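Enquirer: The following block contains the structure, expressed as structure tokens.
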Amino acid sequence: MTATGIGAPVRRKEDQRFVTGQGRYVDDFNRPGQAYAYFLRSPHAHATIRSIDTGPAAIMPGVIAIFTGDDLAADKIGGLICGWMIHSKDGSPMKAGPHPALAQGKVRYVGDHVAVVIAETLAQAKDAAEAIVVDYDMLPAIADTAQATKASVQVHEVSPDNTVFNWHLGNKDETEAAFARAKHVTTIDLVNNRLVPNALEPRAAVGEYDPGTDNYTLYTTSQNPHVARLVLSAFIGVAPEHKLRVIAPDVGGGFGSKIFIYAEETVCVWAAKKVKRPVKWTSDRSEAFLSDAHGRDHVTHAEMATDENGKIIGLRVHTIANLGAYLSTFSSSVPTYLYAPLLSGQYDIPAIYCEVDGVYTNTAPVDAYRGAGRPEATFVVERLVEKAARELGQDPAEFRRKNYITQFPHATPVIMTYDTGDYAASLDKALELADYKNFQQRKQDSALRGKLRGIGFSSYIEACGIAPSQAVGSLGAGVGLWESAEVRVNPTGSVEVLTGSHSHGQGHETTFAQLVSDRLGIPIDQVSIVHGDTDKVQFGMGTYGSRSGAVGMSAIAKAIDKVIAKGKKVAAHVLEASEGDIEFKDGRFGVAGTDRSLAFGEVALQAYIAHKFSGQDLEPGLKEGAFYDPTNFTFPAGVHICEVEIDPDTGVTKIERWTAVDDFGVIINPMIVEGQVHGGIAQGVGQALLEGAVYDQSGQLITASFNDYCMPRAIDLPSFQVGMTVTPCPSNPLGIKGCGEAGAIAAPPAVINAITDALGHEDIAMPATPQAVWRAAQKANMPMAAE
Amino acid sequence: MYAFEYHRPTSVKEAASLAGQAEDMKFLAGGHTLLPTMKLRLAGPANLIDLGQIAELRGIERAGDALTIGAMMKHGEVANSAEVKQAVPALAEMAELIGDPHVRNRGTIGGSIANNDPSADYPAACLALNATIVTNQRKIAADDFFQGIFTTALEEGEIITHVSFPIPSQAAYAKFRNPASRYALVGVFVAKHADGVRVAVTGAGSNGVFRVQEMEQALSANFTPDALNGIVVAEDEMNSDIHADAAYRAHLVGVMARRAVEAATRA
């Protein structure tokens with residue numbers, strides 16, 4: 001390992017500009033003649049729009065134009081799309097209602113887009129929006145996930161009972177048989193609470209149109225600018241693909257919420273041409289709460305069957321998944337193929353059957369949020385396993401160990417084939433780091449102080465590196481999920497890597513450069529990573545699903561191999577040797593068995609001056625591209641152990657210890673990986689203890705600001721004990737599994753298992769707020785401090 | 001934010017005069033409630049009179065048995081004041097618990113009291129410490145000043161100049177934060193004076209800050225945590241929201257009162 005190569009904790013190259021305020025985010029781009037867009041949003045969860053009178057607003061100071069859904073329709077601008085087709089059990093396609101960028105006749109959630117005002121200043125746009133008169137005919141609304149199909153309210157005409165799909169996976173008959181012969185059945189009812197993503201940087205868009213060239217440019221907060229361009233051109237139809245440049249510059253966090261193609265960027269590109277001015281929109285935090293796609297929101301009933309030996313023999317799950325008022329870009333895949341295939345967890349479960357009812361409600365669209373389906377699956381499995389162990393009187397660690405998969409590859413009953421792993425190794429290491437053997441002593445010490453201590457496990461698994469294009473295509477994806485890379489070597493030997501991955505906090509400029517430095521033997525500062533601009537990078541699928549290492553870097557590795565192969569040809573000519581005798585090692589091309597060699601930079605120069613070879617024999621230049629399509633998902637897995645202490649007087653839960661032992665395969669930069677683990681756990685703890693989006697019965701978002709929506713703060717978190725085990729991933733050339741989502745997937749059940757352990761009963765929902773824990777502690781008849 | 005006229009007087013007299021002339025006027029102290037409200041277009045005063053340049057509204061002074069704090073003193077200044085720490089350490093500790101460093105470096109005691117947010121900390125301190133709110137027109141006892149949620153005895157255009165606190169023999173504040181906003185879900189300020197104990201509760205009451213007579217009587221007879229045994233506050237007078245319903249708040253009043261007395265008697 002070199003100081004900057006694979007495995008080195010290289011300081012992040014990008015942090016210099018981020019921490020000194022030199023980052024350039026979408027809102028930092030101001031174009032000549034720029035105007036400002038402000039969206040008038042529905043104050044009602046469900047209403048018919050009788051009329052919109054923009055007349056008084058249109059003549060207000062600074063107003064350039066006001067557009068409604070009618071204007072988009074007149075220009076034949078299509079609606080927003082859902083790019084993953086799910087079929088119900090009966091074979092029928094999911095019921096996708098219309099999703100216009102600006103409402104056409106109806107609004108379906110608070111925050112739905114009614115009209116856009118384009119004005120000289122944002123304040124003028126806001127003033128004018130207040131003067132637009134919308135005549136709403138209020139309709140009853142449904143916000144409750146579990147009640148959605150029973151409500152008399154109908155969100156979309158295509159779905160009379162608000163069902164999007166009734167989907168299933170697994171083997172029903174075998175599962176029924178397993179439950180019939182079970183010695184014990186553990187049952188649980190769970191709510192996976194709805195979350196608001198809250199990236200530090202809110203969404204933003206600047207649309208621009210050049211009438212001279214007929215070119216459009218969109219600056220946008222996107223995790224996948226090429227996908228945005230494809231959707232905006234091929235499906236929504238705002239501009240032809242070859243005429244639309246999409247730039248996603250520095251982006252301040254995504255967590256999934258910036259994968260999707262939203263109304264606002266659609267309107268900004270379209271309106272820029274209409275008003276012949278660049279048009280900027282920047283979300284404020286209030287808008288973000290209302291209109292960023294939310295995450296999770298499942299209601300689940302699950303059962304686990306065990307035999308007389310305490311082996312798990314069956315799992316049966318029924319989930320209602322709230323998809324909100326419209327199907328967001330990848331929403332349908334999240335509670336289906338990103339969820340049910342993970343229900344086997346780390347366990348050898350011969351029979352699994354899962355039914356998922358996707359439902360519409362009058363709430364913000366729900367789509368992928370850090371982990372996307374896999375945290376929901378892990379929560380079901382790990383809560384059930386913990387409860388089963390308690391019911392069977394077994395140690396939760398040993399119950400898990402007994403049921404772990406130990407032979408690989410392992411085909412689960414829910415379509416996944418796990419490639420490799422050593423779950424017991426992670427468990428052993430976690431038990432040691434967590435000092436599990438002395439837990440009872442600590443529990444007694446807490447009791448002496450009137451506190452309740454509990455410990456909770458989470459043996460999570462995730463499917464990442466999404467994913468083989470053929471596989472996802474067969475499951476309904478509208479796109480392939482490969483990645484592209486281009487390695488451009490300059491005559492001076494420096495290297496630019498163009499990648500279809502997109503960094504919005506992950507540190508690609510560092511880790512990707514480490515790979516290049518390692519493989520080409522050149523200093524890391526000789527490497528630049530270029531991403532986020534469709535005019536520079538030809539195509540790419542972007543960053544989500546912990547895929548940039550496993551898929552994006554594998555594409556780079558593939559391109560580097562081609563560069564080295566070409567370099568050998570060049571070196572052979574220069575060194576007057578046969579190509580087969582050229583070896584590339586430690587940054588030098590040499591003739592085997594001799595001391596004749598050329599540095600990488602010398603070969604690069606020779607490739608470009610092309611003096612030593614005929615252009616007919618060998619093309620000049622040194623630039624190679626590659627598309628890499630993985631052969632399988634990757635399967636990061638690990639064990640997290642959470643230890644809490646509860647104050648029964650107030651219900652406050654304090655996390656005393658956190659142990660995370662993860663197997664991410666080969667690690668490029670351990671410092672960045674630890675940072676990802678820390679951030680993921682923070683988000684998972686947020687879900688478990690603090691965060692929860694609450695709509696009231698009328699569909700108003702109660703938790704519409706940080707006053708009521710509680711984000712995790714440093715004080716809510718302990719210092720994390722992070723350990724690693726490594727089984728290299730066999731399905732990609734680098735052995736990488738991915739680490740971006742693990743913490744958020746692992747953490748919630750670990751926290752809730754710890755709290756329920758402390759309380760001595762299972763009855764606690766997320767977020768386990770002080771009020772909820774106090775009430776649960778009372779129910780448990782726990783010893784109270786004297787009052 | 002809507003457009004407004006901005007005024008920056010340098011004396012209380014000038015501020016009062018401006019207030020008398022200006023239509024639809026608001027005083028701006030630290031602005032940590034008013035400005036966010038204006039940014040959200042939930043408030044749009046035509047005139048904003050910034051009190052930030054008025055020197056006579058500043059200063060902390062101990063004279064005899066009273067501690068006097070200028071209305072424009074920031075929470076951070078109160079928290080770090082040697083005079084406050086020496087005279088009424090519980091008040092400095094309470095100020096240190098308000099918001100975050102940004103809020104403490106902008107928010108003021110006068111602004112907090114004049115706003116009388118039902119979850120603010122200062123109203124509990126004023127009530128328990130039996131403070132006198134001094135304005136440009138009169139002196140108002142804390143018991144008369146706080147009149148319900150966001151409602152005070154202040155007349156239109158009246159300006160708080162100082163707050164005067166009698167120095168208690170023992171005092172402490174126990175705060176249970178709203179997990180999200182970090183305002184007081186329940187905050188209990190307990191102060192022992194020569195003529196008895198005062199107990200004031202913020203965050204919990206459906207009508208804003210209030211005193212708990214039963215606790216005061218018990219603690220006046222016996223200033224120990226156990227004196228509170230068996231005393232419960234009525235649920236039906238408690239606030240209720242998604243973070244804490246009335247029963248939980250009523251319970252927390254008891255827990256926090258006990259912790260405040262523990263802290264006051266430990267000190």
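Chain labels run A, B, ... following the order of the structure tokens; each chain numbers its residues from 1, and ligands are numbered from 1 in the order shown.
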What's around Ile349 in chain A at 12 Å? Count only C-alpha atoms, leave out sequence neighbours fewer than 3 positions away in its own chain, and write the answer as number ranges by chain.
Expert: A: 170-171, 174-175, 178, 304-307, 310-316, 342-346, 352-353, 381, 385, 400, 402-405, 410-414
Enquirer: Compute the set of chain A residues within 12 Å of chain B, using only C-alpha atoms, and express it as a ChimeraX atom specification.
Expert: /A:122-127,130,284-287,647-653,686,689-696,701-713,715-716,767-776,778,784-787
Enquirer: Neighbours of Met94 in chain B within 10 Å (only C-alpha atoms; same-chain residues fewer than 5 positions away dropped), as a PyMOL selection string?
Expert: chain B and resi 75+78-79+89+121-122+124-125+172-175+187+189
Enquirer: For Phe457 in chain A, find every residue with an atom within 7 Å (counting only C-alpha atoms), except residues of its own chain fewer than 6 positions away, and show them as a PyMOL selection string.
Expert: chain A and resi 640-642+750+753
Enquirer: Pick out the closest residue to Leu622 in chain A from this set: A:Arg401, A:Lys558, A:His678, A:Arg488. Count only C-alpha atoms.
Expert: A:Arg488
Enquirer: When you look at Pro9 in chain B with a cut-off of 12 Å (counting only C-alpha atoms), what residues show up, excluding the ones that are within fewer than 2 positions of it in the same chain? I need them as a list in words.
Expert: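 What passes the distance filter is Tyr6, His7, Ser11, Val12, Lys13, Glu14, Ala15, Ala16, Ser17, Leu18, Ala19, Phe27, Leu28, Leu48, Ile49, Asp50, Leu51, Gly52, Gln53, Ile54, Ala55, Glu56 and Leu57 of chain B.
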Enquirer: Store the residues of this selection in a file with N, CA and C atoms, as a compact mmCIF listing (two decimals), in the first residue's frame.
Expert:
# COMPACT_ATOMS: atom_id res chain seq x y z
N TYR B 6 -37.06 50.74 8.27
CA TYR B 6 -36.16 50.37 9.35
C TYR B 6 -35.71 51.62 10.10
N HIS B 7 -35.86 51.60 11.43
CA HIS B 7 -35.47 52.74 12.25
C HIS B 7 -34.45 52.27 13.29
N SER B 11 -31.73 56.36 21.61
CA SER B 11 -32.17 56.55 22.99
C SER B 11 -33.57 55.97 23.15
N VAL B 12 -33.91 55.64 24.39
CA VAL B 12 -35.24 55.11 24.67
C VAL B 12 -36.30 56.16 24.30
N LYS B 13 -35.98 57.41 24.58
CA LYS B 13 -36.92 58.49 24.29
C LYS B 13 -37.21 58.57 22.79
N GLU B 14 -36.14 58.48 22.03
CA GLU B 14 -36.30 58.52 20.57
C GLU B 14 -37.09 57.31 20.07
N ALA B 15 -36.79 56.17 20.65
CA ALA B 15 -37.51 54.94 20.25
C ALA B 15 -38.99 55.08 20.55
N ALA B 16 -39.30 55.61 21.74
CA ALA B 16 -40.70 55.77 22.12
C ALA B 16 -41.40 56.77 21.21
N SER B 17 -40.67 57.81 20.87
CA SER B 17 -41.24 58.82 19.98
C SER B 17 -41.53 58.24 18.60
N LEU B 18 -40.56 57.46 18.08
CA LEU B 18 -40.76 56.80 16.79
C LEU B 18 -41.96 55.85 16.86
N ALA B 19 -42.04 55.15 17.98
CA ALA B 19 -43.14 54.18 18.13
C ALA B 19 -44.48 54.90 18.14
N PHE B 27 -40.98 46.54 17.70
CA PHE B 27 -39.62 46.73 18.19
C PHE B 27 -38.80 45.50 17.83
N LEU B 28 -37.56 45.75 17.44
CA LEU B 28 -36.63 44.65 17.15
C LEU B 28 -35.57 44.61 18.24
N LEU B 48 -40.01 48.80 11.56
CA LEU B 48 -39.22 48.02 12.50
C LEU B 48 -38.30 49.00 13.23
N ILE B 49 -38.43 49.03 14.56
CA ILE B 49 -37.60 49.95 15.36
C ILE B 49 -36.57 49.12 16.11
N ASP B 50 -35.33 49.21 15.63
CA ASP B 50 -34.23 48.40 16.16
C ASP B 50 -33.71 49.05 17.45
N LEU B 51 -33.75 48.30 18.54
CA LEU B 51 -33.31 48.84 19.84
C LEU B 51 -31.82 48.58 20.09
N GLY B 52 -31.14 48.05 19.10
CA GLY B 52 -29.77 47.58 19.28
C GLY B 52 -28.73 48.67 19.53
N GLN B 53 -29.05 49.90 19.22
CA GLN B 53 -28.05 50.96 19.38
C GLN B 53 -28.31 51.83 20.61
N ILE B 54 -29.16 51.38 21.50
CA ILE B 54 -29.52 52.20 22.66
C ILE B 54 -28.70 51.77 23.87
N ALA B 55 -27.71 52.57 24.20
CA ALA B 55 -26.76 52.19 25.25
C ALA B 55 -27.44 52.03 26.61
N GLU B 56 -28.48 52.82 26.87
CA GLU B 56 -29.09 52.78 28.20
C GLU B 56 -29.88 51.48 28.43
N LEU B 57 -30.04 50.67 27.39
CA LEU B 57 -30.73 49.39 27.57
C LEU B 57 -29.75 48.26 27.88
Enquirer: Please determine, counting only C-alpha atoms, which residue among A:Gln616, A:Ser257, A:Ser446, A:Gln34 has the shortest atom-to-atom distance to Glu656 in chain A.
Expert: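 Counting only C-alpha atoms, the residue closest to Glu656 in chain A is A:Ser446.
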Enquirer: Among range 1-247 of chain B, which residues carry a DSSP assignment of helix (DSSP H, G or I), reported as a count of residues only?
Expert: 79
Enquirer: Measure the distance from CA of Ala555 in chain A to CA of Glu462 in chain A in Å and round it to one decimal.
Expert: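 For CA of Ala555 in chain A relative to CA of Glu462 in chain A, the distance reads 21.8 Å.
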Enquirer: Run DSSP on the backbone and give me the residues of range 173-243 of chain B it puts in strand (DSSP E), as a ChimeraX atom specification.
Expert: /B:173-177,184-193,196-202,210-211
Enquirer: List as an NGL selection string the protein and nucleic acid residues near Ile259 in chain A, meaning an atom at most 8 Å away when only C-alpha atoms are counted, but skip any in the same chain fewer than 4 places from it.
Expert: :A and (222-224 or 254 or 329 or 544)
Enquirer: Between CA of Pro278 in chain A and CA of Tyr36 in chain A, measure the distance and give it in Å to one decimal.
Expert: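 So the answer is 8.3 Å.
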Enquirer: Between A:Val317, A:Val366, A:Ile118, A:Ala271, which one has atoms that come closest to Val196 in chain A, using only C-alpha atoms?
Expert: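 Using only C-alpha atoms, Val196 in chain A sits closest to A:Val366.
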Enquirer: Find the residues near Ala82 in chain B: any atom within 12 Å, counting only C-alpha atoms, skip ones fewer than 3 places away on the same chain, and give them as a PyMOL selection string.
Expert: chain B and resi 60-62+67+76-79+85-89+91-93
Enquirer: Which value, in Å to one decimal, gives the distance between CA of Val251 in chain A and CA of Ser528 in chain A?
Expert: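 These atoms are spaced 17.7 Å apart.
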